[in-house]
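Student: Take this structure, written in structure tokens, and hold onto it; I'll ask about it next.
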Amino acid sequence: MATDLFDIEPLDATFGAVVTGVELRSIEGVAFEALQETWLEHALLIFPGQFLTIDEQNDFARRFGPLEFEAVPFSNVDAEGNILSDPGHDVVKSLRGNEGWHHDSTYMPLQAKGSVFTAEVVTSLGGATGWADMRAAYEALDPETQQRLAGLRAHHSLYYSQGRSGYMPKKTEGGGYDMYGFHDLEPPLRPLVKVHPETGRPNLLAGRHAYGIVGMAEDESEAFLDRLNAQACQPPRIHHHQWAAGDAALWDNRRLMHRGTPFDMTEPRVMWHTRIAGDPASELADNHQGFQQRSGIDVMGEDTLIVG
């Protein structure tokens, strides 16, 4: 869409735009309505140099709906200011696990609607965030594959994705995990093709958390999903953003997958992630239709680590 309320520069991909000439901390009225429409059109909006406070970030995210959780650090710096680089540390494992392509919270009964992500401290090299357009990926499939996908469903789990990648956290003394998403509920079951509730367009829904396609043998399912993900996350359907301090991004988790990329963990990196809750009418897993969403604070607790 075209607007004279702010400047939109589309990315060199099937999705996404850089938006300038707007202050997210104070946007309202007609300008915010135009921004919502721009978001649905482009799925990813990058806003350079916003320098939002945590409260401002959360307030902006709430404009798009209730929050799954308020801003939490995606960081290799602990509360005492120590830089965490030990590969065996749970925080490092969490960050490394996020380097696989995924949709946020497909492993929860209620998949996320979107996210606001901001950069406070960035490293000298690396640490870009990538996104992949699952609507364009679906449209690029041949008709036979589209027809095959129409009736397929897969489970989603952090136990699967972190375990397969070799980044399982340490167990607590009680035998569980202090990491968001390691719940004891039945693994969510989701279709491999999902219609976006606002655009009406079909999107692939897969990523690293997906496994166990119903009706397939384990090895067949794994090979099929690996092939689907690899084919989906190719140019021109991907974009990686190299962060500068103060940058903000807003993305549509229903259409896009995303991933982190490696960086020098001997340098500090501090990012903040606010997750927008999905609409239960469209984002509840097929096998969790009776689930009642609690607030992120109730679900997580104060010290819980986040994995995408």
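Order determines the names: the first chain of the structure tokens is A, the second B, and so forth; residues in each chain are numbered 1 upward, and ligands are numbered 1 upward as they are shown.
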Using DSSP secondary structure from the backbone, list all strand (DSSP E or B) positions within stretch 100-279 of chain A, as a PyMOL selection string.

Tutor: chain A and resi 102+110+114-121+126+129-133+153-156+179+189-191+193-195+202-204+210-211+238-241+248-252+256-260+263+270-276

Student: Skipping near chain neighbours, those fewer than 5 positions away, what residues fall within 12 Å of stretch 133-145 of chain A using only C-alpha atoms, listed as a PDB file with C-alpha atoms, in the first residue's frame?

Tutor:
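The resulting out_28.pdb:
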ATOM      1  CA  ALA A  13      12.337 -10.421  -1.254  1.00  0.00           C
ATOM      2  CA  THR A  14       8.758 -11.664  -1.569  1.00  0.00           C
ATOM      3  CA  PHE A  15       7.885  -9.898   1.688  1.00  0.00           C
ATOM      4  CA  GLY A  16       9.049  -7.260   4.141  1.00  0.00           C
ATOM      5  CA  GLU A  41       0.725  -6.648   3.323  1.00  0.00           C
ATOM      6  CA  HIS A  42       4.461  -7.085   4.009  1.00  0.00           C
ATOM      7  CA  ALA A  43       4.456  -9.432   7.073  1.00  0.00           C
ATOM      8  CA  LEU A  44       7.810  -8.034   8.299  1.00  0.00           C
ATOM      9  CA  TRP A 101      13.967 -21.952  11.099  1.00  0.00           C
ATOM     10  CA  HIS A 102      10.732 -21.864  13.119  1.00  0.00           C
ATOM     11  CA  HIS A 103       7.427 -20.230  13.888  1.00  0.00           C
ATOM     12  CA  ALA A 150      -3.839 -30.430   2.122  1.00  0.00           C
ATOM     13  CA  GLY A 151      -4.730 -33.194   4.567  1.00  0.00           C
ATOM     14  CA  LEU A 152      -1.469 -33.542   6.473  1.00  0.00           C
ATOM     15  CA  LEU A 192       1.000 -28.288   7.367  1.00  0.00           C
ATOM     16  CA  VAL A 193      -1.004 -25.736   5.387  1.00  0.00           C
ATOM     17  CA  LYS A 194      -2.805 -23.021   7.317  1.00  0.00           C
ATOM     18  CA  VAL A 195      -5.042 -20.253   5.992  1.00  0.00           C
ATOM     19  CA  HIS A 196      -4.082 -16.852   7.382  1.00  0.00           C
ATOM     20  CA  THR A 199      -5.598 -12.318   4.560  1.00  0.00           C
ATOM     21  CA  GLY A 200      -7.326 -15.583   3.667  1.00  0.00           C
ATOM     22  CA  ARG A 201      -4.156 -16.831   1.940  1.00  0.00           C
ATOM     23  CA  PRO A 202      -2.626 -20.287   2.558  1.00  0.00           C
ATOM     24  CA  ASN A 203       0.774 -20.597   4.249  1.00  0.00           C
ATOM     25  CA  LEU A 204       3.046 -23.532   4.997  1.00  0.00           C
ATOM     26  CA  LEU A 205       3.325 -24.280   8.718  1.00  0.00           C
ATOM     27  CA  ALA A 206       6.376 -26.376   9.481  1.00  0.00           C
ATOM     28  CA  GLY A 207       9.794 -25.443  10.881  1.00  0.00           C
ATOM     29  CA  PHE A 224       9.625 -35.036   4.179  1.00  0.00           C
ATOM     30  CA  ARG A 227      12.889 -31.349   2.420  1.00  0.00           C
ATOM     31  CA  LEU A 228       9.861 -29.058   2.777  1.00  0.00           C
ATOM     32  CA  ASN A 229      11.722 -26.664   5.094  1.00  0.00           C
ATOM     33  CA  ALA A 230      14.846 -26.601   2.925  1.00  0.00           C
ATOM     34  CA  GLN A 231      12.860 -25.849  -0.227  1.00  0.00           C
ATOM     35  CA  ALA A 232      10.786 -23.175   1.513  1.00  0.00           C
ATOM     36  CA  CYS A 233      13.694 -21.180   2.967  1.00  0.00           C
ATOM     37  CA  GLN A 234      15.371 -20.132  -0.272  1.00  0.00           C
ATOM     38  CA  PRO A 235      15.716 -16.789  -2.111  1.00  0.00           C
ATOM     39  CA  PRO A 236      13.712 -14.753  -2.933  1.00  0.00           C
ATOM     40  CA  ARG A 237      11.639 -15.941   0.041  1.00  0.00           C
ATOM     41  CA  ILE A 238      14.218 -15.081   2.744  1.00  0.00           C
ATOM     42  CA  HIS A 239      15.705 -11.919   4.200  1.00  0.00           C
ATOM     43  CA  HIS A 240      18.349 -11.418   6.910  1.00  0.00           C
ATOM     44  CA  TRP A 251       6.675  -9.712  12.142  1.00  0.00           C
ATOM     45  CA  ASP A 252       3.642 -11.848  11.434  1.00  0.00           C
ATOM     46  CA  ASN A 253       4.314 -15.276  12.941  1.00  0.00           C
ATOM     47  CA  ARG A 254       1.368 -16.778  11.061  1.00  0.00           C
ATOM     48  CA  ARG A 255       3.033 -16.132   7.702  1.00  0.00           C
ATOM     49  CA  LEU A 256       6.768 -16.027   8.438  1.00  0.00           C
ATOM     50  CA  MET A 257       9.317 -18.357   9.930  1.00  0.00           C
ATOM     51  CA  HIS A 258      12.463 -16.856  11.396  1.00  0.00           C
TER      52      HIS A 258
END

Student: What's the separation between atom CA of A:Ala249 and atom CA of A:Arg63, in Å to one decimal place?

Tutor: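 Atom CA of A:Arg63 lies 14.5 Å from atom CA of A:Ala249.
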
Student: Which of stretch 72-296 of chain A counts as helix (DSSP H, G or I) under DSSP, as a PyMOL selection string please?

Tutor: chain A and resi 90-97+134-139+143-149+158-165+218-232+280-283+296

Student: Determine, counting only C-alpha atoms, which protein, DNA and RNA residues have an atom within 10 Å of an atom of A:Ser75; residues of the same chain fewer than 2 positions away are not included. Present the result as a PDB file with all heavy atoms, in the first residue's frame.

Tutor:
ATOM      1  N   VAL A  72      11.168  -9.958  27.074  1.00  0.00           N
ATOM      2  CA  VAL A  72      12.179 -10.742  27.786  1.00  0.00           C
ATOM      3  C   VAL A  72      13.483 -10.633  27.005  1.00  0.00           C
ATOM      4  O   VAL A  72      13.479 -10.455  25.785  1.00  0.00           O
ATOM      5  CB  VAL A  72      11.770 -12.224  27.933  1.00  0.00           C
ATOM      6  CG1 VAL A  72      10.554 -12.358  28.824  1.00  0.00           C
ATOM      7  CG2 VAL A  72      11.514 -12.856  26.566  1.00  0.00           C
ATOM      8  N   PRO A  73      14.622 -10.736  27.690  1.00  0.00           N
ATOM      9  CA  PRO A  73      15.896 -10.623  26.977  1.00  0.00           C
ATOM     10  C   PRO A  73      16.256 -11.892  26.220  1.00  0.00           C
ATOM     11  O   PRO A  73      16.150 -12.993  26.754  1.00  0.00           O
ATOM     12  CB  PRO A  73      16.904 -10.352  28.100  1.00  0.00           C
ATOM     13  CG  PRO A  73      16.278 -10.956  29.312  1.00  0.00           C
ATOM     14  CD  PRO A  73      14.801 -10.827  29.148  1.00  0.00           C
ATOM     15  N   VAL A  77      24.056 -12.140  28.103  1.00  0.00           N
ATOM     16  CA  VAL A  77      24.518 -11.400  29.277  1.00  0.00           C
ATOM     17  C   VAL A  77      23.560 -11.699  30.422  1.00  0.00           C
ATOM     18  O   VAL A  77      22.354 -11.518  30.285  1.00  0.00           O
ATOM     19  CB  VAL A  77      24.565  -9.890  29.002  1.00  0.00           C
ATOM     20  CG1 VAL A  77      25.091  -9.143  30.234  1.00  0.00           C
ATOM     21  CG2 VAL A  77      25.426  -9.588  27.786  1.00  0.00           C
ATOM     22  N   ASP A  78      24.076 -12.173  31.556  1.00  0.00           N
ATOM     23  CA  ASP A  78      23.195 -12.508  32.669  1.00  0.00           C
ATOM     24  C   ASP A  78      22.875 -11.277  33.513  1.00  0.00           C
ATOM     25  O   ASP A  78      23.334 -10.153  33.219  1.00  0.00           O
ATOM     26  CB  ASP A  78      23.775 -13.640  33.510  1.00  0.00           C
ATOM     27  CG  ASP A  78      25.046 -13.263  34.276  1.00  0.00           C
ATOM     28  OD1 ASP A  78      25.354 -12.067  34.404  1.00  0.00           O
ATOM     29  OD2 ASP A  78      25.745 -14.191  34.746  1.00  0.00           O
ATOM     30  N   ILE A  83      29.161 -12.181  30.612  1.00  0.00           N
ATOM     31  CA  ILE A  83      28.926 -12.663  29.254  1.00  0.00           C
ATOM     32  C   ILE A  83      28.983 -14.189  29.265  1.00  0.00           C
ATOM     33  O   ILE A  83      29.952 -14.780  29.753  1.00  0.00           O
ATOM     34  CB  ILE A  83      29.973 -12.094  28.282  1.00  0.00           C
ATOM     35  CG1 ILE A  83      29.861 -10.567  28.229  1.00  0.00           C
ATOM     36  CG2 ILE A  83      29.774 -12.678  26.880  1.00  0.00           C
ATOM     37  CD1 ILE A  83      30.953  -9.915  27.401  1.00  0.00           C
ATOM     38  N   LEU A  84      27.932 -14.812  28.732  1.00  0.00           N
ATOM     39  CA  LEU A  84      27.810 -16.263  28.748  1.00  0.00           C
ATOM     40  C   LEU A  84      28.227 -16.819  27.390  1.00  0.00           C
ATOM     41  O   LEU A  84      27.613 -16.510  26.370  1.00  0.00           O
ATOM     42  CB  LEU A  84      26.365 -16.658  29.055  1.00  0.00           C
ATOM     43  CG  LEU A  84      25.768 -16.043  30.327  1.00  0.00           C
ATOM     44  CD1 LEU A  84      24.299 -16.395  30.456  1.00  0.00           C
ATOM     45  CD2 LEU A  84      26.551 -16.481  31.556  1.00  0.00           C
ATOM     46  N   VAL A  91      21.519 -20.953  28.567  1.00  0.00           N
ATOM     47  CA  VAL A  91      21.235 -19.758  27.773  1.00  0.00           C
ATOM     48  C   VAL A  91      21.866 -19.878  26.390  1.00  0.00           C
ATOM     49  O   VAL A  91      21.239 -19.573  25.367  1.00  0.00           O
ATOM     50  CB  VAL A  91      21.752 -18.492  28.487  1.00  0.00           C
ATOM     51  CG1 VAL A  91      21.729 -17.293  27.539  1.00  0.00           C
ATOM     52  CG2 VAL A  91      20.895 -18.186  29.717  1.00  0.00           C
ATOM     53  N   VAL A  92      23.105 -20.334  26.341  1.00  0.00           N
ATOM     54  CA  VAL A  92      23.792 -20.511  25.055  1.00  0.00           C
ATOM     55  C   VAL A  92      23.079 -21.573  24.224  1.00  0.00           C
ATOM     56  O   VAL A  92      22.883 -21.416  23.010  1.00  0.00           O
ATOM     57  CB  VAL A  92      25.265 -20.867  25.277  1.00  0.00           C
ATOM     58  CG1 VAL A  92      25.953 -21.150  23.946  1.00  0.00           C
ATOM     59  CG2 VAL A  92      25.974 -19.737  26.019  1.00  0.00           C
ATOM     60  N   SER A  94      19.932 -22.283  24.337  1.00  0.00           N
ATOM     61  CA  SER A  94      18.694 -21.675  23.859  1.00  0.00           C
ATOM     62  C   SER A  94      18.945 -20.819  22.629  1.00  0.00           C
ATOM     63  O   SER A  94      18.227 -20.905  21.624  1.00  0.00           O
ATOM     64  CB  SER A  94      18.070 -20.833  24.973  1.00  0.00           C
ATOM     65  OG  SER A  94      16.964 -20.095  24.507  1.00  0.00           O
ATOM     66  N   LEU A  95      19.987 -19.988  22.699  1.00  0.00           N
ATOM     67  CA  LEU A  95      20.309 -19.123  21.564  1.00  0.00           C
ATOM     68  C   LEU A  95      20.699 -19.940  20.336  1.00  0.00           C
ATOM     69  O   LEU A  95      20.308 -19.616  19.209  1.00  0.00           O
ATOM     70  CB  LEU A  95      21.442 -18.173  21.949  1.00  0.00           C
ATOM     71  CG  LEU A  95      21.100 -17.133  23.025  1.00  0.00           C
ATOM     72  CD1 LEU A  95      22.363 -16.421  23.500  1.00  0.00           C
ATOM     73  CD2 LEU A  95      20.089 -16.119  22.514  1.00  0.00           C
ATOM     74  N   GLU A 120      19.247  -3.784  21.707  1.00  0.00           N
ATOM     75  CA  GLU A 120      19.854  -2.858  22.663  1.00  0.00           C
ATOM     76  C   GLU A 120      21.370  -2.833  22.509  1.00  0.00           C
ATOM     77  O   GLU A 120      21.982  -1.771  22.398  1.00  0.00           O
ATOM     78  CB  GLU A 120      19.486  -3.255  24.085  1.00  0.00           C
ATOM     79  CG  GLU A 120      20.096  -2.335  25.134  1.00  0.00           C
ATOM     80  CD  GLU A 120      19.761  -2.740  26.553  1.00  0.00           C
ATOM     81  OE1 GLU A 120      18.879  -3.597  26.759  1.00  0.00           O
ATOM     82  OE2 GLU A 120      20.398  -2.194  27.477  1.00  0.00           O
ATOM     83  N   VAL A 121      21.995  -4.020  22.511  1.00  0.00           N
ATOM     84  CA  VAL A 121      23.446  -4.140  22.338  1.00  0.00           C
ATOM     85  C   VAL A 121      23.692  -5.179  21.250  1.00  0.00           C
ATOM     86  O   VAL A 121      23.151  -6.291  21.316  1.00  0.00           O
ATOM     87  CB  VAL A 121      24.138  -4.585  23.639  1.00  0.00           C
ATOM     88  CG1 VAL A 121      25.641  -4.741  23.419  1.00  0.00           C
ATOM     89  CG2 VAL A 121      23.858  -3.596  24.767  1.00  0.00           C
ATOM     90  N   VAL A 122      24.486  -4.828  20.248  1.00  0.00           N
ATOM     91  CA  VAL A 122      24.760  -5.757  19.148  1.00  0.00           C
ATOM     92  C   VAL A 122      26.253  -6.058  19.081  1.00  0.00           C
ATOM     93  O   VAL A 122      27.080  -5.295  19.585  1.00  0.00           O
ATOM     94  CB  VAL A 122      24.268  -5.190  17.796  1.00  0.00           C
ATOM     95  CG1 VAL A 122      22.767  -4.949  17.830  1.00  0.00           C
ATOM     96  CG2 VAL A 122      25.008  -3.906  17.434  1.00  0.00           C
ATOM     97  N   MET A 265      30.125 -15.124  20.780  1.00  0.00           N
ATOM     98  CA  MET A 265      29.521 -15.081  22.104  1.00  0.00           C
ATOM     99  C   MET A 265      30.477 -14.610  23.184  1.00  0.00           C
ATOM    100  O   MET A 265      30.107 -14.584  24.357  1.00  0.00           O
ATOM    101  CB  MET A 265      28.912 -16.435  22.449  1.00  0.00           C
ATOM    102  CG  MET A 265      27.652 -16.718  21.661  1.00  0.00           C
ATOM    103  SD  MET A 265      26.672 -18.055  22.364  1.00  0.00           S
ATOM    104  CE  MET A 265      25.321 -18.118  21.177  1.00  0.00           C
ATOM    105  N   PRO A 268      29.099  -9.089  24.141  1.00  0.00           N
ATOM    106  CA  PRO A 268      27.731  -9.008  24.650  1.00  0.00           C
ATOM    107  C   PRO A 268      26.727  -8.731  23.538  1.00  0.00           C
ATOM    108  O   PRO A 268      27.012  -8.000  22.592  1.00  0.00           O
ATOM    109  CB  PRO A 268      27.792  -7.825  25.633  1.00  0.00           C
ATOM    110  CG  PRO A 268      28.895  -6.963  25.106  1.00  0.00           C
ATOM    111  CD  PRO A 268      29.912  -7.918  24.535  1.00  0.00           C
ATOM    112  N   ARG A 269      25.556  -9.339  23.645  1.00  0.00           N
ATOM    113  CA  ARG A 269      24.453  -9.090  22.723  1.00  0.00           C
ATOM    114  C   ARG A 269      23.173  -9.093  23.552  1.00  0.00           C
ATOM    115  O   ARG A 269      22.881 -10.066  24.261  1.00  0.00           O
ATOM    116  CB  ARG A 269      24.380 -10.150  21.635  1.00  0.00           C
ATOM    117  CG  ARG A 269      23.277  -9.912  20.574  1.00  0.00           C
ATOM    118  CD  ARG A 269      23.382 -10.976  19.492  1.00  0.00           C
ATOM    119  NE  ARG A 269      22.484 -10.740  18.373  1.00  0.00           N
ATOM    120  CZ  ARG A 269      21.283 -11.292  18.225  1.00  0.00           C
ATOM    121  NH1 ARG A 269      20.820 -12.105  19.187  1.00  0.00           N
ATOM    122  NH2 ARG A 269      20.549 -11.045  17.169  1.00  0.00           N
ATOM    123  N   VAL A 270      22.398  -8.020  23.464  1.00  0.00           N
ATOM    124  CA  VAL A 270      21.166  -7.897  24.240  1.00  0.00           C
ATOM    125  C   VAL A 270      20.041  -7.494  23.300  1.00  0.00           C
ATOM    126  O   VAL A 270      20.040  -6.386  22.740  1.00  0.00           O
ATOM    127  CB  VAL A 270      21.294  -6.863  25.377  1.00  0.00           C
ATOM    128  CG1 VAL A 270      19.998  -6.801  26.182  1.00  0.00           C
ATOM    129  CG2 VAL A 270      22.480  -7.191  26.278  1.00  0.00           C
ATOM    130  N   MET A 271      19.079  -8.389  23.115  1.00  0.00           N
ATOM    131  CA  MET A 271      17.888  -8.148  22.315  1.00  0.00           C
ATOM    132  C   MET A 271      16.676  -8.351  23.219  1.00  0.00           C
ATOM    133  O   MET A 271      16.736  -9.077  24.217  1.00  0.00           O
ATOM    134  CB  MET A 271      17.821  -9.125  21.130  1.00  0.00           C
ATOM    135  CG  MET A 271      19.113  -9.282  20.353  1.00  0.00           C
ATOM    136  SD  MET A 271      19.578  -7.835  19.397  1.00  0.00           S
ATOM    137  CE  MET A 271      18.337  -7.896  18.092  1.00  0.00           C
ATOM    138  N   TRP A 272      15.553  -7.733  22.856  1.00  0.00           N
ATOM    139  CA  TRP A 272      14.330  -7.844  23.654  1.00  0.00           C
ATOM    140  C   TRP A 272      13.187  -8.328  22.773  1.00  0.00           C
ATOM    141  O   TRP A 272      12.979  -7.804  21.674  1.00  0.00           O
ATOM    142  CB  TRP A 272      13.976  -6.512  24.302  1.00  0.00           C
ATOM    143  CG  TRP A 272      14.972  -6.100  25.336  1.00  0.00           C
ATOM    144  CD1 TRP A 272      16.105  -5.357  25.156  1.00  0.00           C
ATOM    145  CD2 TRP A 272      14.935  -6.446  26.721  1.00  0.00           C
ATOM    146  NE1 TRP A 272      16.778  -5.215  26.334  1.00  0.00           N
ATOM    147  CE2 TRP A 272      16.086  -5.872  27.321  1.00  0.00           C
ATOM    148  CE3 TRP A 272      14.049  -7.178  27.515  1.00  0.00           C
ATOM    149  CZ2 TRP A 272      16.356  -6.006  28.677  1.00  0.00           C
ATOM    150  CZ3 TRP A 272      14.330  -7.313  28.860  1.00  0.00           C
ATOM    151  CH2 TRP A 272      15.464  -6.733  29.438  1.00  0.00           C
TER     152      TRP A 272
END

Student: Can you tell me how far atom CA of A:Tyr167 sits from atom CA of A:Ala119, in Å to one decimal?

Tutor: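 Going from atom CA of A:Tyr167 over to atom CA of A:Ala119 covers 24.2 Å.
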
Student: Measuring atom to atom with only C-alpha atoms, identify which of A:Ala112, A:Ala244, A:Ala154, A:Ile8 is nearest to A:Pro66.

Tutor: A:Ala112

Student: Do you know which residues are at most 9 Å from A:Lys170 counting only C-alpha atoms, after dropping those on the same chain fewer than 5 positions away, and could you put them as a list in words?

Tutor: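 Returned residues: Gly88, His89, Asp90, Gly176, Tyr177 and Asp178 of chain A.
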
Student: Measuring between only C-alpha atoms, which one of A:Asn287, A:Ser115, A:Gln50, A:Thr20 shows the shortest distance to A:Ala71?

Tutor: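 Closest residue, counting only C-alpha atoms: A:Ser115.
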